[in-house]
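Asks: Input model-v7.csv, format and content: CSV, C-alpha atoms and all ligand atoms.
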chain,number,residue,atom,x,y,z
Y,1,MET,CA,1.2,15.3,18.0
Y,2,SER,CA,2.8,12.3,16.5
Y,3,LYS,CA,0.6,9.8,14.8
Y,4,ILE,CA,0.5,6.0,14.3
Y,5,VAL,CA,0.2,5.2,10.6
Y,6,LEU,CA,-0.6,1.8,9.2
Y,7,VAL,CA,-0.3,0.8,5.5
Y,8,ILE,CA,-2.5,-2.1,4.6
Y,9,ALA,CA,-1.5,-3.6,1.3
Y,10,ALA,CA,-2.1,-6.8,-0.6
Y,11,HIS,CA,1.6,-7.5,-1.5
Y,12,PRO,CA,5.1,-6.5,-0.4
Y,13,ASP,CA,6.1,-3.8,-2.9
Y,14,ASP,CA,2.6,-2.1,-3.0
Y,15,GLU,CA,3.6,0.1,0.1
Y,16,ALA,CA,6.8,1.4,-1.6
Y,17,ILE,CA,5.1,2.0,-5.0
Y,18,GLY,CA,1.9,3.5,-3.6
Y,19,CYS,CA,3.2,5.6,-0.7
Y,20,GLY,CA,6.9,5.1,-0.1
Y,21,GLY,CA,7.6,8.8,-0.2
Y,22,THR,CA,4.6,9.6,2.1
Y,23,ILE,CA,5.9,6.9,4.5
Y,24,ALA,CA,9.3,8.6,4.6
Y,25,ARG,CA,7.7,12.0,5.2
Y,26,HIS,CA,5.5,10.7,8.1
Y,27,ILE,CA,8.6,9.2,9.7
Y,28,ASN,CA,10.6,12.5,9.3
Y,29,GLU,CA,7.7,14.3,10.9
Y,30,GLY,CA,7.9,12.0,14.0
Y,31,ASP,CA,5.1,9.6,13.1
Y,32,ALA,CA,5.4,5.8,13.6
Y,33,VAL,CA,4.7,3.8,10.5
Y,34,TYR,CA,3.8,0.1,10.2
Y,35,ALA,CA,2.7,-2.0,7.3
Y,36,LEU,CA,0.5,-5.1,7.0
Y,37,PHE,CA,0.5,-7.4,4.0
Y,38,MET,CA,-2.2,-9.9,3.0
Y,39,THR,CA,-0.1,-12.3,0.9
Y,40,ASN,CA,3.6,-12.9,0.5
Y,41,GLY,CA,3.3,-11.9,-3.2
Y,42,VAL,CA,4.6,-15.2,-4.5
Y,43,ASP,CA,2.4,-16.7,-7.3
Y,44,ALA,CA,0.3,-19.6,-6.2
Y,45,ARG,CA,2.0,-21.8,-8.8
Y,46,GLN,CA,5.4,-21.1,-7.3
Y,47,ARG,CA,4.5,-21.7,-3.7
Y,48,THR,CA,6.1,-25.1,-3.6
Y,49,PHE,CA,9.4,-23.3,-4.1
Y,50,SER,CA,9.7,-21.8,-0.7
Y,51,ARG,CA,12.9,-20.0,-1.8
Y,52,ASP,CA,10.7,-17.6,-3.8
Y,53,ALA,CA,8.8,-16.6,-0.7
Y,54,GLU,CA,12.0,-16.2,1.2
Y,55,ILE,CA,13.4,-13.9,-1.5
Y,56,ARG,CA,10.3,-11.8,-1.4
Y,57,ASN,CA,10.4,-11.6,2.4
Y,58,GLU,CA,14.0,-10.6,2.3
Y,59,ALA,CA,13.2,-7.9,-0.2
Y,60,ALA,CA,10.3,-6.7,2.0
Y,61,GLU,CA,12.6,-6.4,5.0
Y,62,ALA,CA,15.2,-4.5,3.0
Y,63,ALA,CA,12.4,-2.1,1.8
Y,64,LYS,CA,11.3,-1.7,5.4
Y,65,ASP,CA,14.8,-0.6,6.5
Y,66,ALA,CA,15.1,1.6,3.4
Y,67,LEU,CA,11.8,3.4,4.1
Y,68,GLY,CA,12.3,3.5,7.9
Y,69,VAL,CA,9.1,1.5,8.7
Y,70,LYS,CA,9.0,0.2,12.3
Y,71,GLU,CA,7.6,-3.3,11.6
Y,72,TYR,CA,6.0,-5.3,8.8
Y,73,PHE,CA,3.2,-7.7,9.6
Y,74,TYR,CA,2.6,-10.6,7.1
Y,75,ASN,CA,-0.5,-12.6,6.5
Y,76,ASP,CA,-0.1,-15.8,4.4
Y,77,PHE,CA,-3.3,-15.7,2.3
Y,78,PRO,CA,-2.8,-17.1,-1.3
Y,79,ASP,CA,-1.5,-14.6,-3.8
Y,80,ASN,CA,-3.9,-13.5,-6.5
Y,81,GLN,CA,-6.6,-15.5,-4.9
Y,82,LEU,CA,-8.0,-13.3,-2.1
Y,83,ASP,CA,-11.4,-13.7,-3.7
Y,84,ASN,CA,-11.1,-17.4,-2.6
Y,85,VAL,CA,-10.5,-16.4,1.0
Y,86,ALA,CA,-13.5,-15.7,3.3
Y,87,LEU,CA,-13.8,-11.9,3.6
Y,88,LEU,CA,-14.3,-12.3,7.4
Y,89,ASP,CA,-10.9,-14.0,7.7
Y,90,ILE,CA,-9.3,-11.0,5.9
Y,91,ILE,CA,-11.2,-8.5,8.0
Y,92,GLN,CA,-10.3,-10.2,11.2
Y,93,SER,CA,-6.6,-10.3,10.3
Y,94,ILE,CA,-6.8,-6.5,9.8
Y,95,GLU,CA,-8.7,-5.9,13.0
Y,96,LYS,CA,-6.1,-7.8,15.0
Y,97,VAL,CA,-3.3,-5.5,13.9
Y,98,ILE,CA,-5.4,-2.4,14.2
Y,99,SER,CA,-6.4,-3.4,17.7
Y,100,LYS,CA,-2.7,-3.9,18.6
Y,101,LEU,CA,-1.4,-0.7,17.0
Y,102,GLN,CA,-4.3,1.7,17.4
Y,103,PRO,CA,-3.4,3.7,14.2
Y,104,GLN,CA,-5.0,7.1,13.4
Y,105,VAL,CA,-4.1,7.0,9.7
Y,106,VAL,CA,-4.5,4.1,7.3
Y,107,TYR,CA,-3.3,3.9,3.7
Y,108,THR,CA,-4.6,1.2,1.4
Y,109,HIS,CA,-5.6,0.2,-2.1
Y,110,HIS,CA,-8.0,2.0,-4.5
Y,111,ASN,CA,-11.1,-0.1,-5.0
Y,112,GLY,CA,-11.0,0.2,-8.8
Y,113,ASP,CA,-7.7,-1.6,-9.2
Y,114,LEU,CA,-7.3,-4.4,-11.8
Y,115,ASN,CA,-5.7,-6.7,-9.2
Y,116,ILE,CA,-8.3,-8.7,-7.3
Y,117,ASP,CA,-6.1,-8.8,-4.1
Y,118,HIS,CA,-6.1,-5.0,-4.1
Y,119,ARG,CA,-9.8,-4.7,-4.4
Y,120,ARG,CA,-10.4,-7.4,-1.8
Y,121,THR,CA,-8.0,-5.7,0.6
Y,122,HIS,CA,-9.8,-2.3,0.1
Y,123,GLU,CA,-13.1,-4.0,0.9
Y,124,ALA,CA,-11.8,-5.7,4.0
Y,125,VAL,CA,-10.2,-2.4,5.2
Y,126,MET,CA,-13.6,-0.6,4.9
Y,127,THR,CA,-15.3,-3.1,7.1
Y,128,ALA,CA,-12.4,-3.3,9.6
Y,129,CYS,CA,-12.4,0.5,9.8
Y,130,ARG,CA,-16.1,1.1,10.3
Y,131,PRO,CA,-16.4,4.5,12.0
Y,132,GLN,CA,-17.8,3.4,15.3
Y,133,PRO,CA,-17.7,5.7,18.3
Y,134,ASP,CA,-14.1,6.2,19.7
Y,135,PHE,CA,-12.6,4.1,16.9
Y,136,CYS,CA,-8.9,4.9,16.5
Y,137,VAL,CA,-8.7,5.3,12.7
Y,138,ARG,CA,-9.6,8.9,11.7
Y,139,GLU,CA,-8.2,9.1,8.1
Y,140,ILE,CA,-8.2,6.5,5.3
Y,141,TYR,CA,-6.4,7.2,2.0
Y,142,ALA,CA,-6.3,5.1,-1.2
Y,143,PHE,CA,-3.0,5.0,-3.1
Y,144,GLU,CA,-2.3,4.2,-6.8
Y,145,VAL,CA,-0.2,1.2,-7.8
Y,146,LEU,CA,1.1,1.4,-11.3
Y,147,SER,CA,0.1,-1.6,-13.5
Y,148,ALA,CA,-2.9,-2.2,-11.3
Y,149,THR,CA,-4.7,1.1,-10.8
Y,150,GLU,CA,-4.5,2.3,-14.4
Y,151,TRP,CA,-5.0,-1.0,-16.1
Y,152,ASN,CA,-8.6,-1.8,-15.2
Y,153,THR,CA,-11.6,-1.7,-17.4
Y,154,PRO,CA,-13.0,1.8,-17.9
Y,155,SER,CA,-16.3,1.0,-16.1
Y,156,PHE,CA,-14.5,0.5,-12.8
Y,157,GLN,CA,-14.1,3.6,-10.6
Y,158,PRO,CA,-11.2,5.6,-12.0
Y,159,PHE,CA,-8.5,6.9,-9.7
Y,160,THR,CA,-9.2,10.6,-9.3
Y,161,PRO,CA,-6.9,11.9,-6.7
Y,162,ASN,CA,-7.9,14.7,-4.3
Y,163,HIS,CA,-5.1,14.5,-1.8
Y,164,PHE,CA,-1.5,15.2,-2.8
Y,165,VAL,CA,1.6,14.8,-0.6
Y,166,ASP,CA,4.8,16.7,-1.6
Y,167,ILE,CA,7.6,14.1,-1.5
Y,168,THR,CA,10.2,16.1,-3.2
Y,169,PRO,CA,12.8,15.7,-0.4
Y,170,TYR,CA,11.8,12.0,0.0
Y,171,ILE,CA,11.8,10.7,-3.6
Y,172,GLU,CA,15.3,9.2,-3.1
Y,173,ILE,CA,14.1,7.2,-0.1
Y,174,LYS,CA,11.1,6.0,-2.0
Y,175,MET,CA,13.3,4.9,-4.9
Y,176,ASN,CA,15.6,3.1,-2.4
Y,177,GLY,CA,12.5,1.2,-1.2
Y,178,ILE,CA,11.6,0.4,-4.8
Y,179,GLU,CA,15.2,-0.8,-5.4
Y,180,ALA,CA,14.7,-3.5,-2.7
Y,181,TYR,CA,12.0,-5.0,-4.9
Y,182,SER,CA,14.1,-4.8,-8.1
Y,183,LEU,CA,12.9,-8.4,-9.0
Y,184,GLU,CA,9.4,-7.1,-9.2
Y,185,MET,CA,10.3,-4.2,-11.5
Y,186,ARG,CA,10.3,-4.3,-15.3
Y,187,ASN,CA,12.4,-2.5,-17.9
Y,188,THR,CA,11.0,0.6,-19.5
Y,189,PRO,CA,8.8,1.0,-21.4
Y,190,HIS,CA,6.5,-0.7,-18.8
Y,191,SER,CA,4.0,0.6,-16.3
Y,192,ARG,CA,6.0,-1.1,-13.5
Y,193,SER,CA,9.4,0.5,-14.3
Y,194,LYS,CA,11.5,2.8,-12.2
Y,195,GLU,CA,11.3,5.4,-15.0
Y,196,HIS,CA,7.5,5.3,-14.8
Y,197,LEU,CA,7.5,5.6,-11.1
Y,198,GLU,CA,9.7,8.7,-11.3
Y,199,ALA,CA,7.5,10.1,-14.1
Y,200,ILE,CA,4.3,9.6,-12.1
Y,201,ALA,CA,5.9,11.3,-9.1
Y,202,LYS,CA,6.8,14.3,-11.3
Y,203,HIS,CA,3.4,14.2,-13.0
Y,204,ARG,CA,1.5,14.2,-9.7
Y,205,GLY,CA,3.7,16.9,-8.3
Y,206,ASN,CA,3.6,19.2,-11.3
Y,207,SER,CA,-0.2,18.8,-11.4
Y,208,VAL,CA,-0.4,20.7,-8.1
Y,209,GLY,CA,2.8,22.8,-8.0
Y,210,PHE,CA,5.3,20.5,-6.4
Y,211,CYS,CA,8.3,18.9,-8.0
Y,212,ALA,CA,7.3,15.4,-6.9
Y,213,ALA,CA,4.2,14.1,-5.2
Y,214,GLU,CA,2.2,11.0,-4.4
Y,215,ALA,CA,-1.5,11.2,-5.1
Y,216,PHE,CA,-4.3,9.7,-3.1
Y,217,MET,CA,-8.1,9.5,-3.0
Y,218,VAL,CA,-9.5,10.5,0.4
Y,219,VAL,CA,-11.7,7.6,1.4
Y,220,ARG,CA,-12.6,9.0,4.8
Y,221,CYS,CA,-11.3,11.8,7.0
Y,222,LEU,CA,-12.9,12.5,10.4
Y,223,ARG,CA,-12.2,15.6,12.5
Y,224,GLY,CA,-13.9,15.4,15.9
Y,225,CYS,CA,-13.9,18.0,18.7
Y,301,ZN,ZN,-0.1,-5.5,-5.3
Translate the structure of the given file into structure tokens.

Replies:
Amino acid sequence: MSKIVLVIAAHPDDEAIGCGGTIARHINEGDAVYALFMTNGVDARQRTFSRDAEIRNEAAEAAKDALGVKEYFYNDFPDNQLDNVALLDIIQSIEKVISKLQPQVVYTHHNGDLNIDHRRTHEAVMTACRPQPDFCVREIYAFEVLSATEWNTPSFQPFTPNHFVDITPYIEIKMNGIEAYSLEMRNTPHSRSKEHLEAIAKHRGNSVGFCAAEAFMVVRCLRGC
């Protein structure tokens, strides 16, 4: 049976970096994929230059088309300042989209990321997805975003994946999604380089016997009768 999948990310580009190949695989398997972003990803200091926000939105829409996602939903919370937004407001913005789409599967950030928006998004998702009776969301997975997941202080929860998705046939689609965000990418050697993204896909794949994979931590997986 086809599923409804919702990616809940802090910034446009996190979806392509964290689970672009898995998104493409879901779509190929007949699932409908949507994404919700908390901020437009434009630095607070640049917000007066609305063209920056426009460019980021255009990139997001290009990534949406490259990945085959049905629709992107955008919140307009301040970038890199989600800790200054009332948690309840973030939760309610997520609940609104969940109520509309009724997804069974959610992908979101790892709660040990360096980026405060990522951690805050994870926290809000956990509250918005409380496993109450008959709640639609049955599976929650946390993805890794290079330059945020591996850059935090060692005392934070490390990313220790226990769910791997073979994206070997979908790596090209993932990289096309990344290409849409070329302004956010950096030249190698850098954590946020195309070369590193290809390397991590190979690493995650080879770790478990695939050519290329995306890795996740299972946050919750419910199987009812
Ligand atoms: Zn991000």

Asks: Report as JSON lines the residues of chain Y within 6 Å of ligand ZN 301 (chain Y), each with its shortest atom pair and distance in Å (one decimal), using all atoms listed in the file, ordered by chain and increasing residue number.

Replies:
{"residue": "Y:Ala10", "atom": "CA", "partner": "Y:ZN301", "partner_atom": "ZN", "distance": 5.3}
{"residue": "Y:His11", "atom": "CA", "partner": "Y:ZN301", "partner_atom": "ZN", "distance": 4.6}
{"residue": "Y:Asp14", "atom": "CA", "partner": "Y:ZN301", "partner_atom": "ZN", "distance": 4.9}

Asks: Would you save the residues from that selection as a PDB file, in the frame of the given file, using C-alpha atoms?

Replies:
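Writing done, so here's part-v4.pdb:
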ATOM      1  CA  ALA Y  10      -2.100  -6.800  -0.600  1.00  0.00           C
ATOM      2  CA  HIS Y  11       1.600  -7.500  -1.500  1.00  0.00           C
ATOM      3  CA  ASP Y  14       2.600  -2.100  -3.000  1.00  0.00           C
TER       4      ASP Y  14
END

Asks: What does the distance from CA of Glu58 in chain Y to CA of Gly20 in chain Y come to in Å, to one decimal?

Replies: 17.4 Å

Asks: Between Y:Ala63, Y:Cys129, Y:Ala142, Y:Leu36, which residue has the minimum interatomic distance to Lys174 in chain Y, considering only C-alpha atoms?

Replies: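 Result for the nearest residue to Lys174 in chain Y: Y:Ala63.
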
Asks: Restricting the calculation to all atoms listed in the file: of Y:Asn115, Y:Thr108, Y:Gln102, Y:Thr39, which residue gets closest to Asp79 in chain Y?

Replies: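 Of Y:Asn115, Y:Thr108, Y:Gln102, Y:Thr39, the one nearest Asp79 in chain Y, counting all atoms listed in the file, is Y:Thr39.
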
Asks: Given the choices Y:Asn187, Y:Thr168, Y:Thr160, Y:Ser155, which gets closest to Gly205 in chain Y if the distance is worked out from only C-alpha atoms?

Replies: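 For Gly205 in chain Y, the nearest of the given residues is Y:Thr168.
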
Asks: When you look at Pro131 in chain Y with a cut-off of 10 Å (counting only C-alpha atoms), what residues show up, excluding the ones that are within fewer than 6 positions of it in the same chain? I need them as number ranges by chain.

Replies: Y: 137-138, 220, 222

Asks: Take the residues from that selection and put them in a file with C-alpha atoms, as a compact mmCIF listing (two decimals), in the frame of the given file.

Replies:
# COMPACT_ATOMS: atom_id res chain seq x y z
CA VAL Y 137 -8.70 5.30 12.70
CA ARG Y 138 -9.60 8.90 11.70
CA ARG Y 220 -12.60 9.00 4.80
CA LEU Y 222 -12.90 12.50 10.40

Asks: One decimal, Å: what's the distance from CA of Ile90 in chain Y over to CA of Asp117 in chain Y, could you say?

Replies: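 It comes out at 10.7 Å.
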
Asks: Name the closest residue to Asn75 in chain Y among the candidates Y:Asn40, Y:Ala60, Y:Ile116, Y:Phe164; distances are taken between atoms, counting all atoms listed in the file.

Replies: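 The closest residue to Asn75 in chain Y is Y:Asn40.
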
Asks: I want to know what sits within 9 Å of Arg192 in chain Y, based on only C-alpha atoms, with residues of the same chain fewer than 5 positions away left out; could you give that as JSON, numbers by chain?

Replies: {"Y": [145, 146, 147, 184, 185, 186, 187, 197]}

Asks: Report as number ranges by chain all protein, DNA and RNA residues lying within 10 Å of Ser93 in chain Y, evaluated on only C-alpha atoms, omitting residues in the same chain fewer than 5 positions from it.

Replies: Y: 36-38, 74-75, 87-88, 98, 124, 128

Asks: Return the single residue from Y:Val42, Y:Val106, Y:Val97, Y:Val208 that is closest to Phe77 in chain Y, with distances computed using only C-alpha atoms.

Replies: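 Result for the nearest residue to Phe77 in chain Y: Y:Val42.
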
Asks: May I have the protein, DNA and RNA residues with an atom at most 12 Å from (15.8, 16.9, -0.1), counting all atoms listed in the file in the file's coordinates, returned as a short mmCIF file (atom, residue, chain, number, x, y, z; two decimals) with C-alpha atoms, in the frame of the given file?

Replies:
data_model
loop_
_atom_site.label_atom_id
_atom_site.label_comp_id
_atom_site.auth_asym_id
_atom_site.auth_seq_id
_atom_site.Cartn_x
_atom_site.Cartn_y
_atom_site.Cartn_z
CA GLY Y 21 7.60 8.80 -0.20
CA ALA Y 24 9.30 8.60 4.60
CA ARG Y 25 7.70 12.00 5.20
CA ASN Y 28 10.60 12.50 9.30
CA ASP Y 166 4.80 16.70 -1.60
CA ILE Y 167 7.60 14.10 -1.50
CA THR Y 168 10.20 16.10 -3.20
CA PRO Y 169 12.80 15.70 -0.40
CA TYR Y 170 11.80 12.00 0.00
CA ILE Y 171 11.80 10.70 -3.60
CA GLU Y 172 15.30 9.20 -3.10
CA ILE Y 173 14.10 7.20 -0.10
CA CYS Y 211 8.30 18.90 -8.00
CA ALA Y 212 7.30 15.40 -6.90
#

Asks: To one decimal place, how far is CA of Cys136 in chain Y from CA of Lys96 in chain Y in Å?

Replies: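 Distance reported for this atom pair: 13.1 Å.
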
Asks: Which residues, written as a list of chain:residue names, have at least one atom at most 7 Å from Ile4 in chain Y, with all atoms listed in the file counted and residues fewer than 4 positions away on the same chain left out?

Replies: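 Using all atoms listed in the file, the neighbours found are Y:Asp31, Y:Ala32, Y:Val33, Y:Pro103, Y:Gln104, Y:Val105.
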
Asks: Tell me which of Y:Gly112, Y:Gly209, Y:Pro12, Y:Gly41 sits closest to Pro154 in chain Y, counting all atoms listed in the file.

Replies: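 Ranked by minimum distance to Pro154 in chain Y, first place goes to Y:Gly112.
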
Asks: If we count all atoms listed in the file, what is near Pro158 in chain Y at a cut-off of 10 Å, once residues fewer than 2 positions away on the same chain are taken out, given as a VMD selection string?

Replies: chain Y and resid 110 to 113 149 to 156 160 to 161

Asks: Please rebuild range 28-63 of chain Y with N, CA and C atoms and give the result as a short mmCIF file (atom, residue, chain, number, x, y, z; two decimals), keeping the file's coordinate frame.

Replies:
data_model
loop_
_atom_site.label_atom_id
_atom_site.label_comp_id
_atom_site.auth_asym_id
_atom_site.auth_seq_id
_atom_site.Cartn_x
_atom_site.Cartn_y
_atom_site.Cartn_z
N ASN Y 28 9.78 11.26 9.02
CA ASN Y 28 10.60 12.50 9.30
C ASN Y 28 9.82 13.45 10.16
N GLU Y 29 8.50 13.40 10.12
CA GLU Y 29 7.70 14.30 10.90
C GLU Y 29 7.39 13.70 12.32
N GLY Y 30 8.01 12.56 12.62
CA GLY Y 30 7.90 12.00 14.00
C GLY Y 30 6.80 10.95 14.13
N ASP Y 31 6.15 10.58 13.05
CA ASP Y 31 5.10 9.60 13.10
C ASP Y 31 5.72 8.15 13.10
N ALA Y 32 5.00 7.20 13.64
CA ALA Y 32 5.40 5.80 13.60
C ALA Y 32 4.66 5.09 12.51
N VAL Y 33 5.36 4.45 11.60
CA VAL Y 33 4.70 3.80 10.50
C VAL Y 33 4.90 2.29 10.51
N TYR Y 34 3.81 1.57 10.25
CA TYR Y 34 3.80 0.10 10.20
C TYR Y 34 3.13 -0.30 8.88
N ALA Y 35 3.35 -1.55 8.48
CA ALA Y 35 2.70 -2.00 7.30
C ALA Y 35 2.18 -3.47 7.54
N LEU Y 36 1.03 -3.78 6.96
CA LEU Y 36 0.50 -5.10 7.00
C LEU Y 36 0.21 -5.61 5.61
N PHE Y 37 0.68 -6.81 5.30
CA PHE Y 37 0.50 -7.40 4.00
C PHE Y 37 -0.42 -8.60 4.04
N MET Y 38 -1.24 -8.76 3.01
CA MET Y 38 -2.20 -9.90 3.00
C MET Y 38 -1.58 -11.16 2.47
N THR Y 39 -0.68 -11.06 1.49
CA THR Y 39 -0.10 -12.30 0.90
C THR Y 39 1.44 -12.03 0.85
N ASN Y 40 2.20 -13.10 0.61
CA ASN Y 40 3.60 -12.90 0.50
C ASN Y 40 4.03 -12.52 -0.94
N GLY Y 41 3.03 -12.40 -1.82
CA GLY Y 41 3.30 -11.90 -3.20
C GLY Y 41 3.90 -12.93 -4.11
N VAL Y 42 4.01 -14.16 -3.64
CA VAL Y 42 4.60 -15.20 -4.50
C VAL Y 42 3.43 -15.94 -5.18
N ASP Y 43 3.51 -16.06 -6.47
CA ASP Y 43 2.40 -16.70 -7.30
C ASP Y 43 2.10 -18.07 -6.72
N ALA Y 44 0.80 -18.36 -6.72
CA ALA Y 44 0.30 -19.60 -6.20
C ALA Y 44 1.06 -20.83 -6.84
N ARG Y 45 1.37 -20.71 -8.13
CA ARG Y 45 2.00 -21.80 -8.80
C ARG Y 45 3.45 -22.02 -8.37
N GLN Y 46 4.01 -20.98 -7.71
CA GLN Y 46 5.40 -21.10 -7.30
C GLN Y 46 5.54 -21.40 -5.80
N ARG Y 47 4.41 -21.56 -5.13
CA ARG Y 47 4.50 -21.70 -3.70
C ARG Y 47 5.21 -22.90 -3.19
N THR Y 48 5.35 -23.91 -4.07
CA THR Y 48 6.10 -25.10 -3.60
C THR Y 48 7.59 -24.74 -3.51
N PHE Y 49 8.02 -23.70 -4.22
CA PHE Y 49 9.40 -23.30 -4.10
C PHE Y 49 9.53 -22.23 -3.04
N SER Y 50 9.76 -22.69 -1.83
CA SER Y 50 9.70 -21.80 -0.70
C SER Y 50 10.78 -20.70 -0.81
N ARG Y 51 11.84 -20.96 -1.61
CA ARG Y 51 12.90 -20.00 -1.80
C ARG Y 51 12.33 -18.67 -2.37
N ASP Y 52 11.32 -18.79 -3.25
CA ASP Y 52 10.70 -17.60 -3.80
C ASP Y 52 10.08 -16.72 -2.75
N ALA Y 53 9.40 -17.39 -1.82
CA ALA Y 53 8.80 -16.60 -0.70
C ALA Y 53 9.84 -16.01 0.16
N GLU Y 54 10.91 -16.77 0.38
CA GLU Y 54 12.00 -16.20 1.20
C GLU Y 54 12.62 -14.98 0.58
N ILE Y 55 12.83 -15.05 -0.75
CA ILE Y 55 13.40 -13.90 -1.50
C ILE Y 55 12.51 -12.71 -1.36
N ARG Y 56 11.21 -12.92 -1.53
CA ARG Y 56 10.30 -11.80 -1.40
C ARG Y 56 10.25 -11.22 -0.03
N ASN Y 57 10.34 -12.09 0.98
CA ASN Y 57 10.40 -11.60 2.40
C ASN Y 57 11.64 -10.82 2.66
N GLU Y 58 12.76 -11.29 2.12
CA GLU Y 58 14.00 -10.60 2.30
C GLU Y 58 13.94 -9.20 1.65
N ALA Y 59 13.33 -9.15 0.46
CA ALA Y 59 13.20 -7.90 -0.20
C ALA Y 59 12.29 -6.93 0.60
N ALA Y 60 11.22 -7.49 1.18
CA ALA Y 60 10.30 -6.70 2.00
C ALA Y 60 11.06 -6.09 3.20
N GLU Y 61 11.86 -6.92 3.85
CA GLU Y 61 12.60 -6.40 5.00
C GLU Y 61 13.61 -5.37 4.63
N ALA Y 62 14.23 -5.52 3.46
CA ALA Y 62 15.20 -4.50 3.00
C ALA Y 62 14.42 -3.20 2.69
N ALA Y 63 13.21 -3.31 2.11
CA ALA Y 63 12.40 -2.10 1.80
C ALA Y 63 11.99 -1.45 3.15
#
